[in-house]
Amino acid sequence: MNLEKYIRSIPNYPKKGILFRDITSLLENKKAFQTAIKKMQKIISKIPHTKIAGIESRGFIFASALAYLHNKPLLLIRKKNKLPGKTVSQKFKLEYGTDTIEVHKSSLNKKDKIIIIDDLIATGGTALASAKLVEKCKAKVSAFVFLIDLFDLPGNKKLQQHGYKTHKLINFPGH
Ligand code: AMP
């Protein structure tokens with residue numbers, strides 16, 4: 001099944017110059033969503049891991065299905081001030097300004113090997129900050145899995161340069 005055709009591309013959203021890759025059109029097609037999850041499942045079944053982490057918010061959709069299927073704990077990497085317990089934070093740069101992501105301190109320990117899931121990788125800022133967050137908690141990153149890689153943007157390469165293993169199902173240009 002060709003998953004590419006289930007992704008809707010919306011020019012100039014949320015602002016001028018951005019070509020938004022919309023996954024809602026894939027989620028609304030049950031076969032396409034099932035295929036995406038099955039492909040991710042096949043990838044992660046070969047990677048040793050103890051927990052599966054999703055990056056807020058679209059990463060949650062895929063991470064929760066995979067955690068359920070793999071009988072593994074689901075970890076939420078959330079935007080600042082969303083988690084009620086004691087958290088560990090990581091700041092990262094956006095095009096304009098900065099953002100912060102957090103994880104519950106109690107969610108990770110040094111024995112953990114984490115697969116990090118998101119819908120899309122672009123500049124890699126969010127993914128790299130997620131890896132730092134996991135490592136701040138003394139856990140290891142086993143791999144990243146993305147539905148979409150915007151291959152002409154530096155994210156995927158940046159992660160690989162930092163020594164992380166990355167997997168993706170769909171390659172799209174960023175513009
Ligand atoms: P980045 O940190 O630049 O790799 O951005 C990754 C995050 O931003 C992901 O969680 C995506 O959901 C979102 N994102 C960035 N660029 C796009 C795009 N062109 N279309 C859809 N989502 C995007």
# chains A, B, ... in the order shown; residues from 1 in each chain; ligands from 1

$ residues_around --residues "stretch 135-152 of chain A" --least-positions-apart "5" --cutoff "6 Å" --atoms "only C-alpha atoms" --output "MDAnalysis selection string"
chainID A and resid 109:110 112:122 165:174

$ closest_atom_pairs --of "chain A" --to "ligand 1" --cutoff "7 Å" --atoms "only C-alpha atoms and all ligand atoms" --output "JSON lines"
{"residue": "A:Ile18", "atom": "CA", "partner": "ligand 1", "partner_atom_place_in_ligand_line": "19 (N)", "distance": 5.9}
{"residue": "A:Leu19", "atom": "CA", "partner": "ligand 1", "partner_atom_place_in_ligand_line": "19 (N)", "distance": 5.0}
{"residue": "A:Phe20", "atom": "CA", "partner": "ligand 1", "partner_atom_place_in_ligand_line": "20 (N)", "distance": 3.6}
{"residue": "A:Arg21", "atom": "CA", "partner": "ligand 1", "partner_atom_place_in_ligand_line": "20 (N)", "distance": 3.9}
{"residue": "A:Asp22", "atom": "CA", "partner": "ligand 1", "partner_atom_place_in_ligand_line": "21 (C)", "distance": 5.9}
{"residue": "A:Ile55", "atom": "CA", "partner": "ligand 1", "partner_atom_place_in_ligand_line": "10 (O)", "distance": 6.8}
{"residue": "A:Glu56", "atom": "CA", "partner": "ligand 1", "partner_atom_place_in_ligand_line": "10 (O)", "distance": 6.9}
{"residue": "A:Arg58", "atom": "CA", "partner": "ligand 1", "partner_atom_place_in_ligand_line": "12 (O)", "distance": 6.2}
{"residue": "A:Gly59", "atom": "CA", "partner": "ligand 1", "partner_atom_place_in_ligand_line": "10 (O)", "distance": 6.9}
{"residue": "A:Asp118", "atom": "CA", "partner": "ligand 1", "partner_atom_place_in_ligand_line": "10 (O)", "distance": 6.0}
{"residue": "A:Asp119", "atom": "CA", "partner": "ligand 1", "partner_atom_place_in_ligand_line": "12 (O)", "distance": 5.6}
{"residue": "A:Leu120", "atom": "CA", "partner": "ligand 1", "partner_atom_place_in_ligand_line": "11 (C)", "distance": 4.7}
{"residue": "A:Ile121", "atom": "CA", "partner": "ligand 1", "partner_atom_place_in_ligand_line": "4 (O)", "distance": 4.1}
{"residue": "A:Ala122", "atom": "CA", "partner": "ligand 1", "partner_atom_place_in_ligand_line": "4 (O)", "distance": 3.5}
{"residue": "A:Thr123", "atom": "CA", "partner": "ligand 1", "partner_atom_place_in_ligand_line": "3 (O)", "distance": 3.6}
{"residue": "A:Gly124", "atom": "CA", "partner": "ligand 1", "partner_atom_place_in_ligand_line": "4 (O)", "distance": 3.5}
{"residue": "A:Gly125", "atom": "CA", "partner": "ligand 1", "partner_atom_place_in_ligand_line": "2 (O)", "distance": 3.9}
{"residue": "A:Thr126", "atom": "CA", "partner": "ligand 1", "partner_atom_place_in_ligand_line": "2 (O)", "distance": 3.8}
{"residue": "A:Ala127", "atom": "CA", "partner": "ligand 1", "partner_atom_place_in_ligand_line": "2 (O)", "distance": 6.1}
{"residue": "A:Gly155", "atom": "CA", "partner": "ligand 1", "partner_atom_place_in_ligand_line": "4 (O)", "distance": 5.7}
{"residue": "A:Gly174", "atom": "CA", "partner": "ligand 1", "partner_atom_place_in_ligand_line": "19 (N)", "distance": 6.1}

$ write_last_selection --atoms "C-alpha atoms" --output "PDB file, in the first residue's frame"
ATOM      1  CA  ILE A  18       5.049  26.096   5.156  1.00  0.00           C
ATOM      2  CA  LEU A  19       3.804  23.069   3.237  1.00  0.00           C
ATOM      3  CA  PHE A  20       1.828  21.288   5.928  1.00  0.00           C
ATOM      4  CA  ARG A  21       1.739  17.486   5.681  1.00  0.00           C
ATOM      5  CA  ASP A  22      -1.610  16.554   7.156  1.00  0.00           C
ATOM      6  CA  ILE A  55       6.031  13.167  21.247  1.00  0.00           C
ATOM      7  CA  GLU A  56       3.054  15.498  21.810  1.00  0.00           C
ATOM      8  CA  ARG A  58       0.547  13.521  16.966  1.00  0.00           C
ATOM      9  CA  GLY A  59       3.288  11.169  18.105  1.00  0.00           C
ATOM     10  CA  ASP A 118       6.542  11.137  16.130  1.00  0.00           C
ATOM     11  CA  ASP A 119       4.414  11.767  13.063  1.00  0.00           C
ATOM     12  CA  LEU A 120       7.022  13.830  11.233  1.00  0.00           C
ATOM     13  CA  ILE A 121      10.622  15.007  11.372  1.00  0.00           C
ATOM     14  CA  ALA A 122      11.546  18.382   9.892  1.00  0.00           C
ATOM     15  CA  THR A 123      14.423  20.339  11.475  1.00  0.00           C
ATOM     16  CA  GLY A 124      14.891  17.685  14.148  1.00  0.00           C
ATOM     17  CA  GLY A 125      14.720  20.137  17.050  1.00  0.00           C
ATOM     18  CA  THR A 126      11.863  18.352  18.807  1.00  0.00           C
ATOM     19  CA  ALA A 127      13.313  14.877  18.266  1.00  0.00           C
ATOM     20  CA  GLY A 155      16.342  16.589  10.970  1.00  0.00           C
ATOM     21  CA  GLY A 174       9.728  19.986   2.827  1.00  0.00           C
TER      22      GLY A 174
END

$ atom_distance --atom1 "atom CA of A:Lys38" --atom2 "atom CA of A:Tyr13"
29.4 Å

$ atom_distance --atom1 "atom CA of A:Leu83" --atom2 "atom CA of A:His104"
6.9 Å

$ select_by_dssp --residues "stretch 107-171 of chain A" --states "helix (DSSP H, G or I)" --output "list of chain:residue names"
A:Ser107, A:Gly125, A:Thr126, A:Ala127, A:Leu128, A:Ala129, A:Ser130, A:Ala131, A:Lys132, A:Leu133, A:Val134, A:Glu135, A:Lys136, A:Gly155, A:Asn156, A:Lys157, A:Lys158, A:Leu159, A:Gln160, A:Gln161

$ atom_distance --atom1 "atom CA of A:Tyr6" --atom2 "atom CA of A:Ala32"
7.1 Å

$ residues_around --residues "A:Glu28" --least-positions-apart "5" --cutoff "12 Å" --atoms "only C-alpha atoms" --output "list in words"
Tyr6, Ile7, Arg8, Asp22, Ile23, Phe33 and Gln34 of chain A

$ closest_residue --among "A:Ser9, A:Thr35, A:Gln90, A:Asn71" --to "A:Ile52" --atoms "only C-alpha atoms"
A:Asn71

$ select_by_dssp --residues "stretch 57-139 of chain A" --states "strand (DSSP E)" --output "MDAnalysis selection string"
chainID A and resid 74:79 87:93 98:104 113:121

$ write_last_selection --atoms "N, CA and C atoms" --output "CSV table (one decimal), in the first residue's frame"
chain,number,residue,atom,x,y,z
A,74,LEU,N,3.7,2.9,27.8
A,74,LEU,CA,3.7,4.1,26.9
A,74,LEU,C,4.1,5.3,27.7
A,75,LEU,N,5.0,6.1,27.1
A,75,LEU,CA,5.6,7.3,27.8
A,75,LEU,C,5.2,8.5,27.0
A,76,LEU,N,4.7,9.5,27.7
A,76,LEU,CA,4.3,10.8,27.0
A,76,LEU,C,5.4,11.9,27.2
A,77,ILE,N,5.9,12.3,26.1
A,77,ILE,CA,6.8,13.5,26.0
A,77,ILE,C,5.9,14.7,25.7
A,78,ARG,N,5.7,15.6,26.7
A,78,ARG,CA,4.7,16.6,26.6
A,78,ARG,C,5.3,18.0,26.6
A,79,LYS,N,4.5,18.9,26.1
A,79,LYS,CA,4.9,20.3,26.2
A,79,LYS,C,4.9,20.8,27.6
A,87,THR,N,8.8,16.7,37.0
A,87,THR,CA,9.2,16.5,35.6
A,87,THR,C,10.7,16.8,35.4
A,88,VAL,N,11.2,16.3,34.3
A,88,VAL,CA,12.6,16.7,33.8
A,88,VAL,C,12.2,17.5,32.5
A,89,SER,N,13.0,18.6,32.2
A,89,SER,CA,12.6,19.5,31.1
A,89,SER,C,13.8,19.6,30.1
A,90,GLN,N,13.5,19.9,28.9
A,90,GLN,CA,14.5,20.2,27.9
A,90,GLN,C,14.0,21.3,27.0
A,91,LYS,N,14.8,22.3,27.0
A,91,LYS,CA,14.5,23.5,26.1
A,91,LYS,C,15.1,23.2,24.7
A,92,PHE,N,14.5,23.7,23.7
A,92,PHE,CA,15.1,23.6,22.3
A,92,PHE,C,14.6,24.8,21.5
A,93,LYS,N,15.4,25.0,20.4
A,93,LYS,CA,15.2,26.2,19.6
A,93,LYS,C,14.1,26.0,18.6
A,98,THR,N,12.0,29.8,21.6
A,98,THR,CA,12.3,28.5,22.1
A,98,THR,C,11.0,27.7,22.6
A,99,ASP,N,11.1,26.5,22.8
A,99,ASP,CA,10.0,25.7,23.3
A,99,ASP,C,10.6,24.7,24.4
A,100,THR,N,9.8,24.1,25.2
A,100,THR,CA,10.3,23.2,26.2
A,100,THR,C,9.4,22.0,26.2
A,101,ILE,N,10.0,20.8,26.3
A,101,ILE,CA,9.3,19.6,26.5
A,101,ILE,C,9.7,18.9,27.8
A,102,GLU,N,8.8,18.1,28.3
A,102,GLU,CA,9.0,17.5,29.6
A,102,GLU,C,8.5,16.0,29.6
A,103,VAL,N,9.1,15.3,30.6
A,103,VAL,CA,8.7,14.0,30.9
A,103,VAL,C,8.6,13.8,32.4
A,104,HIS,N,7.8,12.9,32.9
A,104,HIS,CA,7.7,12.6,34.3
A,104,HIS,C,9.0,12.0,34.7
A,113,LYS,N,15.4,1.4,27.7
A,113,LYS,CA,15.8,1.6,26.3
A,113,LYS,C,14.5,2.0,25.6
A,114,ILE,N,14.5,3.3,25.0
A,114,ILE,CA,13.3,3.9,24.6
A,114,ILE,C,13.3,4.0,23.1
A,115,ILE,N,12.1,3.7,22.5
A,115,ILE,CA,11.8,4.0,21.1
A,115,ILE,C,11.0,5.3,21.1
A,116,ILE,N,11.4,6.3,20.4
A,116,ILE,CA,10.7,7.6,20.4
A,116,ILE,C,10.0,7.7,19.0
A,117,ILE,N,8.7,8.0,19.1
A,117,ILE,CA,7.8,8.1,17.9
A,117,ILE,C,7.3,9.5,17.7
A,118,ASP,N,7.3,9.9,16.5
A,118,ASP,CA,6.5,11.1,16.1
A,118,ASP,C,6.0,11.0,14.7
A,119,ASP,N,5.0,11.9,14.4
A,119,ASP,CA,4.4,11.8,13.1
A,119,ASP,C,5.4,12.2,12.0
A,120,LEU,N,6.2,13.2,12.3
A,120,LEU,CA,7.0,13.8,11.2
A,120,LEU,C,8.3,14.4,11.8
A,121,ILE,N,9.4,14.3,11.0
A,121,ILE,CA,10.6,15.0,11.4
A,121,ILE,C,10.9,16.0,10.3

$ decode --residues "stretch 73-86 of chain A" --atoms "all heavy atoms" --output "mmCIF file, in the first residue's frame"
data_model
loop_
_atom_site.group_PDB
_atom_site.id
_atom_site.type_symbol
_atom_site.label_atom_id
_atom_site.label_comp_id
_atom_site.auth_asym_id
_atom_site.auth_seq_id
_atom_site.Cartn_x
_atom_site.Cartn_y
_atom_site.Cartn_z
ATOM 1 N N PRO A 73 5.082 -0.353 28.075
ATOM 2 C CA PRO A 73 4.604 0.894 28.666
ATOM 3 C C PRO A 73 4.690 2.050 27.661
ATOM 4 O O PRO A 73 5.610 2.095 26.838
ATOM 5 C CB PRO A 73 5.564 1.136 29.829
ATOM 6 C CG PRO A 73 6.182 -0.185 30.123
ATOM 7 C CD PRO A 73 6.245 -0.907 28.808
ATOM 8 N N LEU A 74 3.725 2.936 27.758
ATOM 9 C CA LEU A 74 3.667 4.129 26.894
ATOM 10 C C LEU A 74 4.116 5.344 27.698
ATOM 11 O O LEU A 74 3.633 5.587 28.805
ATOM 12 C CB LEU A 74 2.234 4.347 26.410
ATOM 13 C CG LEU A 74 1.936 5.645 25.667
ATOM 14 C CD1 LEU A 74 2.661 5.684 24.322
ATOM 15 C CD2 LEU A 74 0.425 5.788 25.436
ATOM 16 N N LEU A 75 5.033 6.094 27.119
ATOM 17 C CA LEU A 75 5.595 7.265 27.787
ATOM 18 C C LEU A 75 5.198 8.514 27.009
ATOM 19 O O LEU A 75 5.310 8.528 25.779
ATOM 20 C CB LEU A 75 7.103 7.078 27.722
ATOM 21 C CG LEU A 75 7.981 7.936 28.586
ATOM 22 C CD1 LEU A 75 7.844 7.475 30.011
ATOM 23 C CD2 LEU A 75 9.428 7.735 28.139
ATOM 24 N N LEU A 76 4.747 9.543 27.721
ATOM 25 C CA LEU A 76 4.342 10.768 27.032
ATOM 26 C C LEU A 76 5.401 11.853 27.185
ATOM 27 O O LEU A 76 5.744 12.245 28.302
ATOM 28 C CB LEU A 76 3.001 11.274 27.578
ATOM 29 C CG LEU A 76 1.820 10.310 27.494
ATOM 30 C CD1 LEU A 76 0.537 11.017 27.959
ATOM 31 C CD2 LEU A 76 1.636 9.744 26.095
ATOM 32 N N ILE A 77 5.906 12.325 26.059
ATOM 33 C CA ILE A 77 6.797 13.494 26.045
ATOM 34 C C ILE A 77 5.916 14.681 25.721
ATOM 35 O O ILE A 77 5.375 14.785 24.618
ATOM 36 C CB ILE A 77 7.933 13.318 25.010
ATOM 37 C CG1 ILE A 77 8.816 12.133 25.418
ATOM 38 C CG2 ILE A 77 8.751 14.602 24.873
ATOM 39 C CD1 ILE A 77 9.897 11.768 24.436
ATOM 40 N N ARG A 78 5.729 15.562 26.728
ATOM 41 C CA ARG A 78 4.701 16.596 26.604
ATOM 42 C C ARG A 78 5.279 17.999 26.581
ATOM 43 O O ARG A 78 6.418 18.231 26.995
ATOM 44 C CB ARG A 78 3.719 16.484 27.774
ATOM 45 C CG ARG A 78 2.973 15.154 27.807
ATOM 46 C CD ARG A 78 1.562 15.306 28.278
ATOM 47 N NE ARG A 78 0.786 16.167 27.401
ATOM 48 C CZ ARG A 78 -0.474 16.491 27.604
ATOM 49 N NH1 ARG A 78 -1.107 16.054 28.673
ATOM 50 N NH2 ARG A 78 -1.107 17.274 26.757
ATOM 51 N N LYS A 79 4.467 18.922 26.115
ATOM 52 C CA LYS A 79 4.855 20.326 26.162
ATOM 53 C C LYS A 79 4.853 20.777 27.627
ATOM 54 O O LYS A 79 4.195 20.166 28.479
ATOM 55 C CB LYS A 79 3.850 21.166 25.361
ATOM 56 C CG LYS A 79 3.689 20.654 23.921
ATOM 57 C CD LYS A 79 4.030 21.704 22.897
ATOM 58 C CE LYS A 79 4.195 21.072 21.527
ATOM 59 N NZ LYS A 79 2.928 20.908 20.803
ATOM 60 N N LYS A 80 5.559 21.854 27.878
ATOM 61 C CA LYS A 80 5.737 22.370 29.242
ATOM 62 C C LYS A 80 4.403 22.556 30.006
ATOM 63 O O LYS A 80 3.413 22.970 29.417
ATOM 64 C CB LYS A 80 6.442 23.725 29.116
ATOM 65 C CG LYS A 80 7.126 24.199 30.355
ATOM 66 C CD LYS A 80 7.736 25.571 30.069
ATOM 67 C CE LYS A 80 7.918 26.343 31.329
ATOM 68 N NZ LYS A 80 9.233 26.330 31.863
ATOM 69 N N ASN A 81 4.462 22.214 31.287
ATOM 70 C CA ASN A 81 3.353 22.429 32.226
ATOM 71 C C ASN A 81 2.100 21.596 31.956
ATOM 72 O O ASN A 81 1.003 21.967 32.359
ATOM 73 C CB ASN A 81 2.944 23.915 32.284
ATOM 74 C CG ASN A 81 4.059 24.775 32.819
ATOM 75 O OD1 ASN A 81 4.866 24.312 33.636
ATOM 76 N ND2 ASN A 81 4.136 26.017 32.355
ATOM 77 N N LYS A 82 2.243 20.485 31.269
ATOM 78 C CA LYS A 82 1.087 19.611 31.011
ATOM 79 C C LYS A 82 1.085 18.392 31.928
ATOM 80 O O LYS A 82 0.055 17.769 32.128
ATOM 81 C CB LYS A 82 1.098 19.105 29.567
ATOM 82 C CG LYS A 82 1.029 20.184 28.518
ATOM 83 C CD LYS A 82 -0.397 20.573 28.264
ATOM 84 C CE LYS A 82 -0.493 21.485 27.053
ATOM 85 N NZ LYS A 82 -1.844 21.924 26.828
ATOM 86 N N LEU A 83 2.273 18.030 32.438
ATOM 87 C CA LEU A 83 2.367 16.837 33.276
ATOM 88 C C LEU A 83 2.257 17.233 34.747
ATOM 89 O O LEU A 83 2.934 18.171 35.187
ATOM 90 C CB LEU A 83 3.690 16.121 33.016
ATOM 91 C CG LEU A 83 3.814 15.462 31.635
ATOM 92 C CD1 LEU A 83 5.258 15.044 31.373
ATOM 93 C CD2 LEU A 83 2.893 14.257 31.502
ATOM 94 N N PRO A 84 1.431 16.531 35.509
ATOM 95 C CA PRO A 84 1.170 16.960 36.891
ATOM 96 C C PRO A 84 2.263 16.614 37.902
ATOM 97 O O PRO A 84 2.368 17.260 38.941
ATOM 98 C CB PRO A 84 -0.129 16.219 37.227
ATOM 99 C CG PRO A 84 -0.089 15.005 36.365
ATOM 100 C CD PRO A 84 0.598 15.395 35.099
ATOM 101 N N GLY A 85 3.055 15.581 37.615
ATOM 102 C CA GLY A 85 4.054 15.133 38.590
ATOM 103 C C GLY A 85 5.369 15.875 38.446
ATOM 104 O O GLY A 85 5.474 16.864 37.725
ATOM 105 N N LYS A 86 6.392 15.356 39.156
ATOM 106 C CA LYS A 86 7.748 15.929 39.050
ATOM 107 C C LYS A 86 8.305 15.660 37.659
ATOM 108 O O LYS A 86 8.252 14.514 37.182
ATOM 109 C CB LYS A 86 8.656 15.260 40.084
ATOM 110 C CG LYS A 86 8.972 16.148 41.242
ATOM 111 C CD LYS A 86 10.246 15.705 41.927
ATOM 112 C CE LYS A 86 10.688 16.834 42.823
ATOM 113 N NZ LYS A 86 11.076 16.435 44.132
#
